[in-house]
Each structure stands twice: as structure tokens, then as C-alpha cells.
$ cat entry-v8.cif   # mmCIF, C-alpha atoms
data_work
loop_
_atom_site.group_PDB
_atom_site.id
_atom_site.type_symbol
_atom_site.label_atom_id
_atom_site.label_comp_id
_atom_site.auth_asym_id
_atom_site.auth_seq_id
_atom_site.Cartn_x
_atom_site.Cartn_y
_atom_site.Cartn_z
ATOM 1 C CA MET A 24 -1.158 -2.838 -9.601
ATOM 2 C CA LYS A 25 -3.304 0.297 -10.032
ATOM 3 C CA LYS A 26 -0.565 2.404 -8.412
ATOM 4 C CA ILE A 27 2.104 0.929 -10.690
ATOM 5 C CA ILE A 28 -0.012 1.672 -13.769
ATOM 6 C CA CYS A 29 -0.561 5.233 -12.530
ATOM 7 C CA ILE A 30 3.190 5.744 -12.092
ATOM 8 C CA ILE A 31 3.848 4.486 -15.634
ATOM 9 C CA LEU A 32 1.173 6.780 -17.032
ATOM 10 C CA ALA A 33 2.634 9.702 -15.093
ATOM 11 C CA ILE A 34 6.039 9.074 -16.655
ATOM 12 C CA ILE A 35 4.501 8.974 -20.130
ATOM 13 C CA ILE A 36 2.688 12.225 -19.487
ATOM 14 C CA THR A 37 5.895 13.839 -18.255
ATOM 15 C CA CYS A 38 7.592 12.835 -21.478
ATOM 16 C CA GLY A 39 4.886 14.639 -23.417
ATOM 17 C CA LEU A 40 3.510 11.605 -25.217
ATOM 18 C CA ILE A 41 -0.050 12.011 -23.968
ATOM 19 C CA GLY A 42 -2.126 14.617 -22.161
ATOM 20 C CA CYS A 43 -5.080 14.414 -19.867
ATOM 21 C CA GLY A 44 -7.810 16.678 -18.611
ATOM 22 C CA GLY A 45 -11.081 16.387 -16.804
ATOM 23 C CA ASN A 46 -14.364 17.273 -18.459
ATOM 24 C CA ASN A 47 -16.423 17.311 -15.289
ATOM 25 C CA ASP A 48 -16.021 20.614 -13.473
ATOM 26 C CA GLU A 49 -18.167 19.577 -10.502
ATOM 27 C CA ILE A 50 -16.160 16.448 -9.719
ATOM 28 C CA ALA A 51 -12.760 17.869 -10.659
ATOM 29 C CA SER A 52 -13.189 20.623 -8.083
ATOM 30 C CA ALA A 53 -13.190 18.109 -5.224
ATOM 31 C CA PRO A 54 -10.594 19.124 -2.595
ATOM 32 C CA ASN A 55 -7.482 17.066 -1.976
ATOM 33 C CA THR A 56 -7.742 16.475 1.773
ATOM 34 C CA THR A 57 -4.536 14.451 2.043
ATOM 35 C CA SER A 58 -1.956 16.696 0.391
ATOM 36 C CA VAL A 59 1.313 16.262 2.300
ATOM 37 C CA PRO A 60 5.009 17.119 1.862
ATOM 38 C CA THR A 61 7.507 14.994 -0.015
ATOM 39 C CA PRO A 62 9.440 12.550 2.219
ATOM 40 C CA LEU A 63 12.826 13.960 3.267
ATOM 41 C CA THR A 64 14.982 10.846 3.535
ATOM 42 C CA ALA A 65 18.379 12.005 2.304
ATOM 43 C CA GLU A 66 19.993 11.815 5.768
ATOM 44 C CA THR A 67 18.675 8.332 6.573
ATOM 45 C CA ALA A 68 21.140 5.427 6.760
ATOM 46 C CA ILE A 69 21.178 1.774 7.834
ATOM 47 C CA GLN A 70 23.865 -0.538 9.132
ATOM 48 C CA GLU A 71 24.881 -3.347 6.787
ATOM 49 C CA THR A 72 22.975 -6.356 8.149
ATOM 50 C CA VAL A 73 22.421 -9.988 7.151
ATOM 51 C CA ILE A 74 18.615 -10.327 7.223
ATOM 52 C CA VAL A 75 18.276 -13.896 5.852
ATOM 53 C CA ASP A 76 20.850 -16.676 6.179
ATOM 54 C CA ASN A 77 20.009 -20.346 5.582
ATOM 55 C CA ASP A 78 20.688 -23.227 3.182
ATOM 56 C CA ILE A 79 18.576 -21.560 0.480
ATOM 57 C CA LEU A 80 19.356 -17.857 0.705
ATOM 58 C CA THR A 81 21.634 -15.305 2.205
ATOM 59 C CA ILE A 82 20.357 -11.741 1.931
ATOM 60 C CA THR A 83 22.280 -8.733 3.166
ATOM 61 C CA ALA A 84 20.805 -5.256 3.548
ATOM 62 C CA LYS A 85 23.734 -3.172 2.318
ATOM 63 C CA SER A 86 22.643 0.463 2.322
ATOM 64 C CA PHE A 87 19.783 2.942 2.104
ATOM 65 C CA SER A 88 19.248 5.476 -0.684
ATOM 66 C CA ALA A 89 16.680 8.239 -0.959
ATOM 67 C CA ASP A 90 17.014 8.497 -4.742
ATOM 68 C CA ALA A 91 18.128 5.105 -6.096
ATOM 69 C CA SER A 92 14.734 4.715 -7.811
ATOM 70 C CA ILE A 93 12.291 7.155 -9.380
ATOM 71 C CA PHE A 94 9.519 5.293 -7.531
ATOM 72 C CA GLY A 95 10.782 5.992 -4.001
ATOM 73 C CA PRO A 96 13.571 5.433 -1.448
ATOM 74 C CA SER A 97 15.270 2.043 -1.496
ATOM 75 C CA ILE A 98 17.273 -0.479 0.486
ATOM 76 C CA LYS A 99 20.035 -2.113 -1.551
ATOM 77 C CA LEU A 100 20.035 -5.894 -1.069
ATOM 78 C CA LEU A 101 22.677 -8.507 -1.913
ATOM 79 C CA ILE A 102 20.912 -11.824 -2.592
ATOM 80 C CA GLU A 103 22.814 -15.138 -2.767
ATOM 81 C CA ASN A 104 21.084 -18.307 -3.994
ATOM 82 C CA HIS A 105 22.565 -21.434 -2.364
ATOM 83 C CA SER A 106 19.923 -23.811 -3.759
ATOM 84 C CA ASP A 107 19.916 -25.920 -6.943
ATOM 85 C CA LYS A 108 16.853 -24.054 -8.297
ATOM 86 C CA THR A 109 16.322 -20.771 -10.084
ATOM 87 C CA ILE A 110 14.305 -18.794 -7.584
ATOM 88 C CA ILE A 111 12.416 -15.520 -7.505
ATOM 89 C CA VAL A 112 12.741 -13.442 -4.340
ATOM 90 C CA GLN A 113 10.134 -10.855 -3.366
ATOM 91 C CA ALA A 114 9.066 -8.779 -0.350
ATOM 92 C CA LEU A 115 5.633 -8.990 1.305
ATOM 93 C CA ASN A 116 3.734 -7.123 4.033
ATOM 94 C CA ALA A 117 6.033 -4.096 4.062
ATOM 95 C CA SER A 118 5.446 -1.285 6.534
ATOM 96 C CA VAL A 119 7.237 1.946 7.415
ATOM 97 C CA ASN A 120 6.699 3.653 10.781
ATOM 98 C CA GLY A 121 3.653 1.439 11.345
ATOM 99 C CA PHE A 122 1.962 2.211 7.986
ATOM 100 C CA MET A 123 1.538 -0.396 5.248
ATOM 101 C CA ILE A 124 3.577 0.717 2.217
ATOM 102 C CA ASP A 125 3.645 -0.847 -1.254
ATOM 103 C CA THR A 126 7.078 -1.990 -2.446
ATOM 104 C CA THR A 127 8.754 -2.753 -5.751
ATOM 105 C CA PHE A 128 11.134 -5.709 -5.583
ATOM 106 C CA SER A 129 11.438 -8.978 -7.518
ATOM 107 C CA SER A 130 14.789 -10.632 -8.153
ATOM 108 C CA THR A 131 15.403 -13.786 -10.224
ATOM 109 C CA ILE A 132 18.592 -15.667 -9.305
ATOM 110 C CA ASP A 133 20.041 -18.827 -10.848
ATOM 111 C CA PRO A 134 21.529 -21.645 -8.705
ATOM 112 C CA GLY A 135 24.764 -20.628 -7.002
ATOM 113 C CA LYS A 136 24.545 -17.053 -8.227
ATOM 114 C CA LYS A 137 24.270 -13.633 -6.595
ATOM 115 C CA SER A 138 22.404 -10.452 -7.413
ATOM 116 C CA TYR A 139 22.156 -6.888 -6.201
ATOM 117 C CA ASP A 140 18.643 -5.455 -6.233
ATOM 118 C CA ASN A 141 16.690 -2.605 -4.658
ATOM 119 C CA LEU A 142 13.731 -2.955 -2.324
ATOM 120 C CA THR A 143 11.860 0.267 -3.144
ATOM 121 C CA PHE A 144 9.154 1.877 -0.995
ATOM 122 C CA ASN A 145 6.344 3.581 -2.896
ATOM 123 C CA ASN A 146 6.704 7.359 -2.704
ATOM 124 C CA THR A 147 2.966 7.928 -3.104
ATOM 125 C CA ASP A 148 2.179 5.744 -0.083
ATOM 126 C CA LEU A 149 4.840 7.516 1.977
ATOM 127 C CA LYS A 150 3.400 10.904 1.060
ATOM 128 C CA ASP A 151 -0.147 9.742 1.819
ATOM 129 C CA ALA A 152 0.956 8.660 5.310
ATOM 130 C CA ASN A 153 2.884 11.933 5.775
ATOM 131 C CA ILE A 154 6.079 10.001 6.427
ATOM 132 C CA THR A 155 8.968 12.424 6.061
ATOM 133 C CA THR A 156 11.626 10.155 7.582
ATOM 134 C CA LEU A 157 11.834 6.369 7.301
ATOM 135 C CA ASN A 158 12.466 5.102 10.824
ATOM 136 C CA ASP A 159 11.133 1.612 11.526
ATOM 137 C CA ILE A 160 10.927 -0.690 8.471
ATOM 138 C CA GLU A 161 9.366 -4.163 8.425
ATOM 139 C CA PHE A 162 8.778 -6.716 5.663
ATOM 140 C CA VAL A 163 8.761 -10.444 4.927
ATOM 141 C CA ILE A 164 11.005 -12.115 2.333
ATOM 142 C CA TYR A 165 9.271 -14.687 0.131
ATOM 143 C CA ALA A 166 11.027 -16.959 -2.396
ATOM 144 C CA PHE A 167 9.522 -19.355 -4.919
ATOM 145 C CA ASP A 168 10.683 -21.729 -7.660
ATOM 146 C CA ASN A 169 10.912 -19.948 -11.035
ATOM 147 C CA ASP A 170 9.772 -23.073 -12.928
ATOM 148 C CA THR A 171 7.044 -24.537 -10.717
ATOM 149 C CA TRP A 172 6.026 -21.444 -8.701
ATOM 150 C CA ASP A 173 6.207 -23.594 -5.573
ATOM 151 C CA SER A 174 7.127 -21.738 -2.398
ATOM 152 C CA VAL A 175 10.680 -22.463 -1.214
ATOM 153 C CA PHE A 176 11.081 -20.002 1.668
ATOM 154 C CA THR A 177 9.120 -17.478 3.743
ATOM 155 C CA SER A 178 10.943 -15.492 6.402
ATOM 156 C CA ASP A 179 9.731 -14.237 9.741
ATOM 157 C CA ILE A 180 9.088 -10.498 9.972
ATOM 158 C CA ILE A 181 12.334 -8.652 9.251
ATOM 159 C CA ASN A 182 12.864 -5.365 11.083
ATOM 160 C CA ILE A 183 15.345 -2.696 9.984
ATOM 161 C CA GLN A 184 15.793 0.421 12.083
ATOM 162 C CA THR A 185 17.439 3.386 10.438
ATOM 163 C CA SER A 186 19.727 6.074 11.775
ATOM 164 C CA SER A 187 16.629 8.271 12.186
ATOM 165 C CA ILE A 188 14.854 5.908 14.604
ATOM 166 C CA ASN A 189 14.757 8.482 17.426
ATOM 167 C CA GLU A 190 13.080 11.134 15.288
ATOM 168 C CA ILE A 191 9.316 11.674 15.019
ATOM 169 C CA GLU A 192 7.937 8.718 13.067
ATOM 170 C CA SER A 193 4.761 10.275 11.655
ATOM 171 C CA ASN A 194 2.558 13.279 12.249
ATOM 172 C CA TYR A 195 -0.356 11.931 10.261
ATOM 173 C CA ASP A 196 -3.742 13.495 11.103
ATOM 174 C CA SER A 197 -6.231 10.625 11.443
ATOM 175 C CA ASP A 198 -9.293 12.841 11.992
ATOM 176 C CA GLY A 199 -12.385 12.436 9.823
ATOM 177 C CA ASP A 200 -15.783 10.745 9.741
ATOM 178 C CA GLU A 201 -15.506 7.596 11.853
ATOM 179 C CA ILE A 202 -17.290 4.791 9.988
ATOM 180 C CA PHE A 203 -16.361 1.887 12.276
ATOM 181 C CA ASN A 204 -14.440 1.504 15.506
ATOM 182 C CA ASN A 205 -14.123 -1.398 17.943
ATOM 183 C CA ASP A 206 -11.207 -2.803 19.886
ATOM 184 C CA SER A 207 -9.803 -4.397 16.729
ATOM 185 C CA VAL A 208 -10.414 -2.189 13.666
ATOM 186 C CA LYS A 209 -10.977 1.508 13.041
ATOM 187 C CA ILE A 210 -12.086 2.978 9.682
ATOM 188 C CA VAL A 211 -12.196 6.756 9.111
ATOM 189 C CA TYR A 212 -13.348 8.560 5.957
ATOM 190 C CA GLN A 213 -11.033 11.518 5.319
ATOM 191 C CA GLY A 214 -12.244 13.158 2.141
ATOM 192 C CA MET A 215 -12.083 13.065 -1.626
ATOM 193 C CA ARG A 216 -9.392 13.771 -4.187
ATOM 194 C CA ASP A 217 -9.270 13.791 -7.956
ATOM 195 C CA ASP A 218 -7.765 10.741 -9.670
ATOM 196 C CA PRO A 219 -6.483 11.944 -13.080
ATOM 197 C CA TYR A 220 -6.471 8.445 -14.594
ATOM 198 C CA TRP A 221 -9.530 6.653 -13.237
ATOM 199 C CA GLY A 222 -12.116 9.044 -11.765
ATOM 200 C CA ILE A 223 -12.132 10.069 -8.107
ATOM 201 C CA GLU A 224 -10.585 8.662 -4.954
ATOM 202 C CA LEU A 225 -12.243 8.562 -1.542
ATOM 203 C CA VAL A 226 -9.564 8.453 1.144
ATOM 204 C CA PHE A 227 -9.777 6.180 4.205
ATOM 205 C CA TYR A 228 -7.562 5.802 7.259
ATOM 206 C CA ILE A 229 -7.668 2.233 8.619
ATOM 207 C CA GLU A 230 -6.145 0.897 11.843
ATOM 208 C CA ASN A 231 -5.752 -2.803 12.526
ATOM 209 C CA ASN A 232 -5.313 -3.091 16.289
ATOM 210 C CA SER A 233 -5.871 -6.854 16.327
ATOM 211 C CA ASP A 234 -3.382 -9.734 16.283
ATOM 212 C CA LYS A 235 -4.640 -10.913 12.857
ATOM 213 C CA ASN A 236 -3.719 -9.830 9.355
ATOM 214 C CA ILE A 237 -6.898 -8.513 7.743
ATOM 215 C CA ILE A 238 -8.308 -7.488 4.376
ATOM 216 C CA VAL A 239 -10.855 -4.677 4.145
ATOM 217 C CA GLN A 240 -13.287 -4.827 1.235
ATOM 218 C CA ILE A 241 -16.401 -2.961 0.170
ATOM 219 C CA ASN A 242 -19.631 -4.655 1.165
ATOM 220 C CA THR A 243 -22.051 -2.197 -0.481
ATOM 221 C CA ILE A 244 -21.660 1.323 -1.851
ATOM 222 C CA SER A 245 -23.883 3.793 -3.647
ATOM 223 C CA ILE A 246 -23.298 7.332 -4.914
ATOM 224 C CA ASN A 247 -26.337 9.620 -5.075
ATOM 225 C CA GLY A 248 -28.440 6.481 -4.621
ATOM 226 C CA PHE A 249 -26.838 4.638 -7.567
ATOM 227 C CA MET A 250 -24.886 1.411 -7.025
ATOM 228 C CA VAL A 251 -21.267 1.597 -8.240
ATOM 229 C CA ASP A 252 -18.366 -0.868 -8.525
ATOM 230 C CA PRO A 253 -15.347 0.507 -6.655
ATOM 231 C CA ILE A 254 -11.743 -0.679 -6.524
ATOM 232 C CA MET A 255 -10.436 -1.239 -2.981
ATOM 233 C CA SER A 256 -9.085 -4.275 -1.109
ATOM 234 C CA PRO A 257 -6.167 -3.378 1.165
ATOM 235 C CA ALA A 258 -4.375 -5.927 3.343
ATOM 236 C CA ILE A 259 -3.351 -4.600 6.755
ATOM 237 C CA CYS A 260 -1.002 -6.578 8.976
ATOM 238 C CA ALA A 261 -1.580 -6.950 12.711
ATOM 239 C CA ASN A 262 -1.081 -3.686 14.623
ATOM 240 C CA LYS A 263 -0.495 -1.679 11.450
ATOM 241 C CA LYS A 264 -2.239 1.222 9.717
ATOM 242 C CA ILE A 265 -2.892 2.204 6.122
ATOM 243 C CA ILE A 266 -4.030 5.178 4.066
ATOM 244 C CA GLU A 267 -6.140 3.704 1.279
ATOM 245 C CA GLY A 268 -7.917 5.273 -1.648
ATOM 246 C CA LEU A 269 -11.230 3.870 -2.858
ATOM 247 C CA THR A 270 -11.453 4.550 -6.586
ATOM 248 C CA ILE A 271 -14.809 5.427 -8.146
ATOM 249 C CA LEU A 272 -14.408 4.943 -11.887
ATOM 250 C CA GLN A 273 -15.374 7.802 -14.155
ATOM 251 C CA SER A 274 -17.249 5.256 -16.286
ATOM 252 C CA ASP A 275 -19.492 4.416 -13.291
ATOM 253 C CA LEU A 276 -20.253 8.105 -12.818
ATOM 254 C CA ASP A 277 -20.957 8.564 -16.536
ATOM 255 C CA ASP A 278 -23.139 5.453 -16.785
ATOM 256 C CA ASN A 279 -25.288 6.718 -13.897
ATOM 257 C CA GLU A 280 -25.312 10.307 -15.231
ATOM 258 C CA ILE A 281 -23.658 11.571 -12.052
ATOM 259 C CA THR A 282 -22.115 14.999 -12.647
ATOM 260 C CA LYS A 283 -22.189 16.241 -9.060
ATOM 261 C CA LEU A 284 -21.466 14.138 -5.973
ATOM 262 C CA GLU A 285 -24.157 14.602 -3.320
ATOM 263 C CA ASN A 286 -23.862 11.648 -0.942
ATOM 264 C CA MET A 287 -22.376 8.188 -0.479
ATOM 265 C CA GLU A 288 -23.671 5.219 1.494
ATOM 266 C CA ILE A 289 -21.010 2.624 2.254
ATOM 267 C CA SER A 290 -20.370 -0.481 4.347
ATOM 268 C CA PHE A 291 -17.318 -2.738 4.651
ATOM 269 C CA LYS A 292 -16.381 -6.385 5.152
ATOM 270 C CA ILE A 293 -13.363 -7.078 7.360
ATOM 271 C CA ILE A 294 -11.810 -10.444 6.521
ATOM 272 C CA ASP A 295 -9.190 -12.639 8.202
ATOM 273 C CA GLU A 296 -6.380 -12.802 5.617
ATOM 274 C CA ASN A 297 -5.363 -16.339 6.629
ATOM 275 C CA THR A 298 -8.765 -18.050 6.873
ATOM 276 C CA TRP A 299 -10.896 -15.713 4.738
ATOM 277 C CA ASP A 300 -13.518 -15.720 7.479
ATOM 278 C CA ILE A 301 -15.568 -12.522 7.672
ATOM 279 C CA LEU A 302 -14.739 -11.013 11.053
ATOM 280 C CA TYR A 303 -17.033 -7.976 10.881
ATOM 281 C CA THR A 304 -19.516 -6.346 8.538
ATOM 282 C CA THR A 305 -20.009 -2.656 9.257
ATOM 283 C CA GLU A 306 -23.357 -0.874 9.294
ATOM 284 C CA PRO A 307 -24.092 1.384 6.287
ATOM 285 C CA PHE A 308 -22.598 4.849 6.799
ATOM 286 C CA VAL A 309 -23.786 7.948 4.924
ATOM 287 C CA VAL A 310 -21.351 10.686 3.846
ATOM 288 C CA GLU A 311 -22.727 14.003 2.586
ATOM 289 C CA PHE A 312 -20.376 15.645 0.098
#
$ encode --input "entry-v8.cif" --output "C-alpha cells"
Amino acid sequence: MKKIICIILAIIITCGLIGCGGNNDEIASAPNTTSVPTPLTAETAIQETVIVDNDILTITAKSFSADASIFGPSIKLLIENHSDKTIIVQALNASVNGFMIDTTFSSTIDPGKKSYDNLTFNNTDLKDANITTLNDIEFVIYAFDNDTWDSVFTSDIINIQTSSINEIESNYDSDGDEIFNNDSVKIVYQGMRDDPYWGIELVFYIENNSDKNIIVQINTISINGFMVDPIMSPAICANKKIIEGLTILQSDLDDNEITKLENMEISFKIIDENTWDILYTTEPFVVEF
């Protein structure tokens, strides 16, 4: 949701309706350690494929477009509703080249009707993961009743391989300060970047090498010895990776009279997404800025 709001604000700024500027020179000068090139997806293509076909839905992946949406590259879907209910169809747990990527897709279809819609992959997430070509795409289709919100269908993992599948999938540099690493989960702090809408973002690379879907949340965090309330709670599917920004709100910095970042102490909770059991709690880790 934060990313969607940021995109909307960016569009407004581009149109010249509002302006923004930092008033904290110390924090604004923080380096962007994850600046990467724009994805180059114009040559990518997919074969037309039926990805869901049952008594409720038939969904066909028709084509791939690098510029169908201002938010990122898209797969064009044809959705057919065979049920007697108005249903809403969405995509969950999307990944590209092994990295979790946010998507934009929600289609409402009346009984017996069809609809074309685009499953769009967030350009910001693709850039963060340094994905320049979409190769191996996975997601789950979820459908629910428009009136009752009851679930009517959840697919198995759907895999779409593009015409670029034999090219290099990602050259992302995962180096940084290793906060936690066992056979299941790895968390690496990779630096800080300015967030023009909220404050600052601390960038983390997270690997889920387990067979469980997990959620990573903050356990405790302090900046310069002051407790703050960050925004971060990524879900990472089994055997996937993510580049996630932890947002420190400017209001937290102002309330604690923090004008220069000196150090951070942080620990995480790693949670089983299905049971909500806490699998691990990491030891506090200190980062000197």
C-alpha cells in the first residue's frame, strides 16, 4: 500500500500540482546504495497459455508488454467467469527471477462474462532487485465472492517462462552487513536511501531458503538510542528472495530531535505465514552510520 501511495504522489508531483523538498541536510545526504538500471523488457515475450481452467474460471495468459502500464511491465490476461456469482480475481505471492515482486491486478467479473485485464509487476521492485529481463514468473490466482468476500478458488503456483528464460536472471549484489543467517533465513543490511515522502529507508536483502512461507517483522529498533516505530512486514515465499525497505518516518526523527543518524540497533521476528508461529527471533544487531 505504501508503494502504491508513493507512485500516486509521484504522478501528482510530475504533473506539477505539488512540490517536495527535504529540510534536513544531514539525513538527506544519505547515499542511495541500491541505485540500479531500469528494467529492459521490450524484447520479452510469452506463449499464449491457459493458466487456470475449471468450473469456476478459465484464465488465459495472452501476451507480455513492457509498457502496457505506467507502473511496470504486464501480462495481459483473459478471464472467463463460469460461475453464478460475481467474483473478484487477484494475484498473490508473485515473484520474478526468484525475487518477490508486488503486483497490481484486481478484476471484477459478473456471472458468465469475460474480461481482459493486466497483471502488472511493480517497476520499483524490479529495479530494486536489479532485474533487467523478466525470465521466470510465478504467482497464485485467488478469487472471491464480490458480495460475501468468501473464497471461491485458489490456484496452485502458476509458472510462466518468457522468451528470455536462457538469459542471465539477475546480477543483484547481496553483499552488506549480515544480521542473521542460518540454514533457513538470511538477512543482510545494505544501506540507507532517502524516502522523499516518508523519511528514510533502510534497505535489507532477505533470503528464505526454507520450505515455509514466512513474514519478517521488526522485533525492536532504536536510532541513536531512541525507540522508533518503523514500517516493514514483508512476506517471502519458500525459496524466494526480497529487497525490502524499512521506513523510518520523518515524524519519528523529529519527535526524538534526531538530525544526524549515528547508529541503529535492530532485531527481527521471523514468522510462519500459515500458522503465525514465531520461528526465530534474531539477536540485536548494531549498525554504525
$ atom_distance --input "entry-v8.cif" --atom1 "atom CA of A:Ile246" --atom2 "atom CA of A:Asp200"
16.8 Å
$ closest_atom_pairs --input "entry-v8.cif" --of "stretch 87-124 of chain A" --to "stretch 174-185 of chain A" --cutoff "10 Å" --atoms "only C-alpha atoms" --output "tab-separated table"
residue	atom	partner	partner_atom	distance
A:Phe87	CA	A:Thr185	CA	8.7
A:Ile98	CA	A:Ile183	CA	9.9
A:Ser106	CA	A:Val175	CA	9.7
A:Lys108	CA	A:Val175	CA	9.5
A:Ile110	CA	A:Val175	CA	8.2
A:Ile111	CA	A:Val175	CA	9.5
A:Val112	CA	A:Phe176	CA	9.0
A:Gln113	CA	A:Thr177	CA	9.8
A:Ala114	CA	A:Thr177	CA	9.6
A:Leu115	CA	A:Ile180	CA	9.5
A:Asn116	CA	A:Ile180	CA	8.7
A:Ala117	CA	A:Ile180	CA	9.2
A:Ser118	CA	A:Asn182	CA	9.6
A:Val119	CA	A:Ile183	CA	9.7
A:Asn120	CA	A:Gln184	CA	9.7
$ closest_residue --input "entry-v8.cif" --among "A:Asn169, A:Thr304, A:Asn205, A:Asn153" --to "A:Ser129" --atoms "only C-alpha atoms"
A:Asn169
$ resolve_selection --input "entry-v8.cif" --expression "the PyMOL selection byres ((chain A and resi 303) around 7)" --output "list in words"
Lys292, Ile293, Ile301, Leu302, Thr304 and Thr305 of chain A
$ atom_distance --input "entry-v8.cif" --atom1 "atom CA of A:Leu225" --atom2 "atom CA of A:Ser256"
13.2 Å
$ closest_residue --input "entry-v8.cif" --among "A:Phe312, A:Trp172, A:Phe144, A:Phe291" --to "A:Asp90" --atoms "all atoms listed in the file"
A:Phe144
$ resolve_selection --input "entry-v8.cif" --expression "the PyMOL selection byres ((chain A and resi 81) around 10)" --output "list in words"
Val73, Ile74, Val75, Asp76, Asn77, Asp78, Ile79, Leu80, Ile82, Thr83, Leu101, Ile102, Glu103, Asn104, His105 and Lys137 of chain A
$ closest_residue --input "entry-v8.cif" --among "A:Thr282, A:Thr156, A:Ser92, A:Asp107" --to "A:Pro134" --atoms "all atoms listed in the file"
A:Asp107
$ atom_distance --input "entry-v8.cif" --atom1 "atom CA of A:Lys209" --atom2 "atom CA of A:Asn158"
23.8 Å
$ build_atoms --input "entry-v8.cif" --residues "stretch 214-238 of chain A" --atoms "N, CA and C atoms" --output "short mmCIF file (atom, residue, chain, number, x, y, z; two decimals), in the frame of the given file"
data_model
loop_
_atom_site.label_atom_id
_atom_site.label_comp_id
_atom_site.auth_asym_id
_atom_site.auth_seq_id
_atom_site.Cartn_x
_atom_site.Cartn_y
_atom_site.Cartn_z
N GLY A 214 -12.02 12.19 3.20
CA GLY A 214 -12.24 13.16 2.14
C GLY A 214 -12.05 12.57 0.76
N MET A 215 -12.09 13.47 -0.23
CA MET A 215 -12.08 13.06 -1.63
C MET A 215 -10.98 13.81 -2.36
N ARG A 216 -10.37 13.12 -3.33
CA ARG A 216 -9.39 13.77 -4.19
C ARG A 216 -9.56 13.29 -5.62
N ASP A 217 -9.14 14.12 -6.55
CA ASP A 217 -9.27 13.79 -7.96
C ASP A 217 -8.24 12.74 -8.35
N ASP A 218 -8.66 11.74 -9.11
CA ASP A 218 -7.76 10.74 -9.67
C ASP A 218 -7.69 11.00 -11.17
N PRO A 219 -6.55 11.51 -11.68
CA PRO A 219 -6.48 11.94 -13.08
C PRO A 219 -6.59 10.81 -14.09
N TYR A 220 -6.47 9.55 -13.65
CA TYR A 220 -6.47 8.44 -14.59
C TYR A 220 -7.75 7.63 -14.55
N TRP A 221 -8.43 7.59 -13.40
CA TRP A 221 -9.53 6.65 -13.24
C TRP A 221 -10.86 7.33 -12.92
N GLY A 222 -10.87 8.41 -12.18
CA GLY A 222 -12.12 9.04 -11.76
C GLY A 222 -11.89 9.88 -10.53
N ILE A 223 -12.37 9.40 -9.38
CA ILE A 223 -12.13 10.07 -8.11
C ILE A 223 -11.70 9.04 -7.08
N GLU A 224 -11.01 9.52 -6.05
CA GLU A 224 -10.58 8.66 -4.95
C GLU A 224 -11.18 9.17 -3.66
N LEU A 225 -11.78 8.27 -2.88
CA LEU A 225 -12.24 8.56 -1.54
C LEU A 225 -11.22 7.99 -0.58
N VAL A 226 -10.72 8.81 0.33
CA VAL A 226 -9.56 8.45 1.14
C VAL A 226 -10.01 7.94 2.52
N PHE A 227 -9.45 6.80 2.93
CA PHE A 227 -9.78 6.18 4.20
C PHE A 227 -8.51 5.91 5.00
N TYR A 228 -8.60 6.17 6.31
CA TYR A 228 -7.56 5.80 7.26
C TYR A 228 -8.06 4.57 8.01
N ILE A 229 -7.25 3.50 8.00
CA ILE A 229 -7.67 2.23 8.62
C ILE A 229 -6.59 1.79 9.61
N GLU A 230 -7.03 1.47 10.82
CA GLU A 230 -6.14 0.90 11.84
C GLU A 230 -6.53 -0.56 12.09
N ASN A 231 -5.54 -1.42 12.11
CA ASN A 231 -5.75 -2.80 12.53
C ASN A 231 -5.07 -2.99 13.88
N ASN A 232 -5.85 -2.96 14.93
CA ASN A 232 -5.31 -3.09 16.29
C ASN A 232 -5.41 -4.52 16.81
N SER A 233 -5.72 -5.46 15.93
CA SER A 233 -5.87 -6.85 16.33
C SER A 233 -4.56 -7.60 16.14
N ASP A 234 -4.55 -8.89 16.48
CA ASP A 234 -3.38 -9.73 16.28
C ASP A 234 -3.50 -10.57 15.01
N LYS A 235 -4.43 -10.20 14.12
CA LYS A 235 -4.64 -10.91 12.86
C LYS A 235 -4.31 -9.99 11.69
N ASN A 236 -3.81 -10.57 10.61
CA ASN A 236 -3.72 -9.83 9.36
C ASN A 236 -5.11 -9.81 8.71
N ILE A 237 -5.54 -8.64 8.27
CA ILE A 237 -6.90 -8.51 7.74
C ILE A 237 -6.90 -7.93 6.33
N ILE A 238 -8.02 -8.13 5.66
CA ILE A 238 -8.31 -7.49 4.38
C ILE A 238 -9.61 -6.73 4.54
#
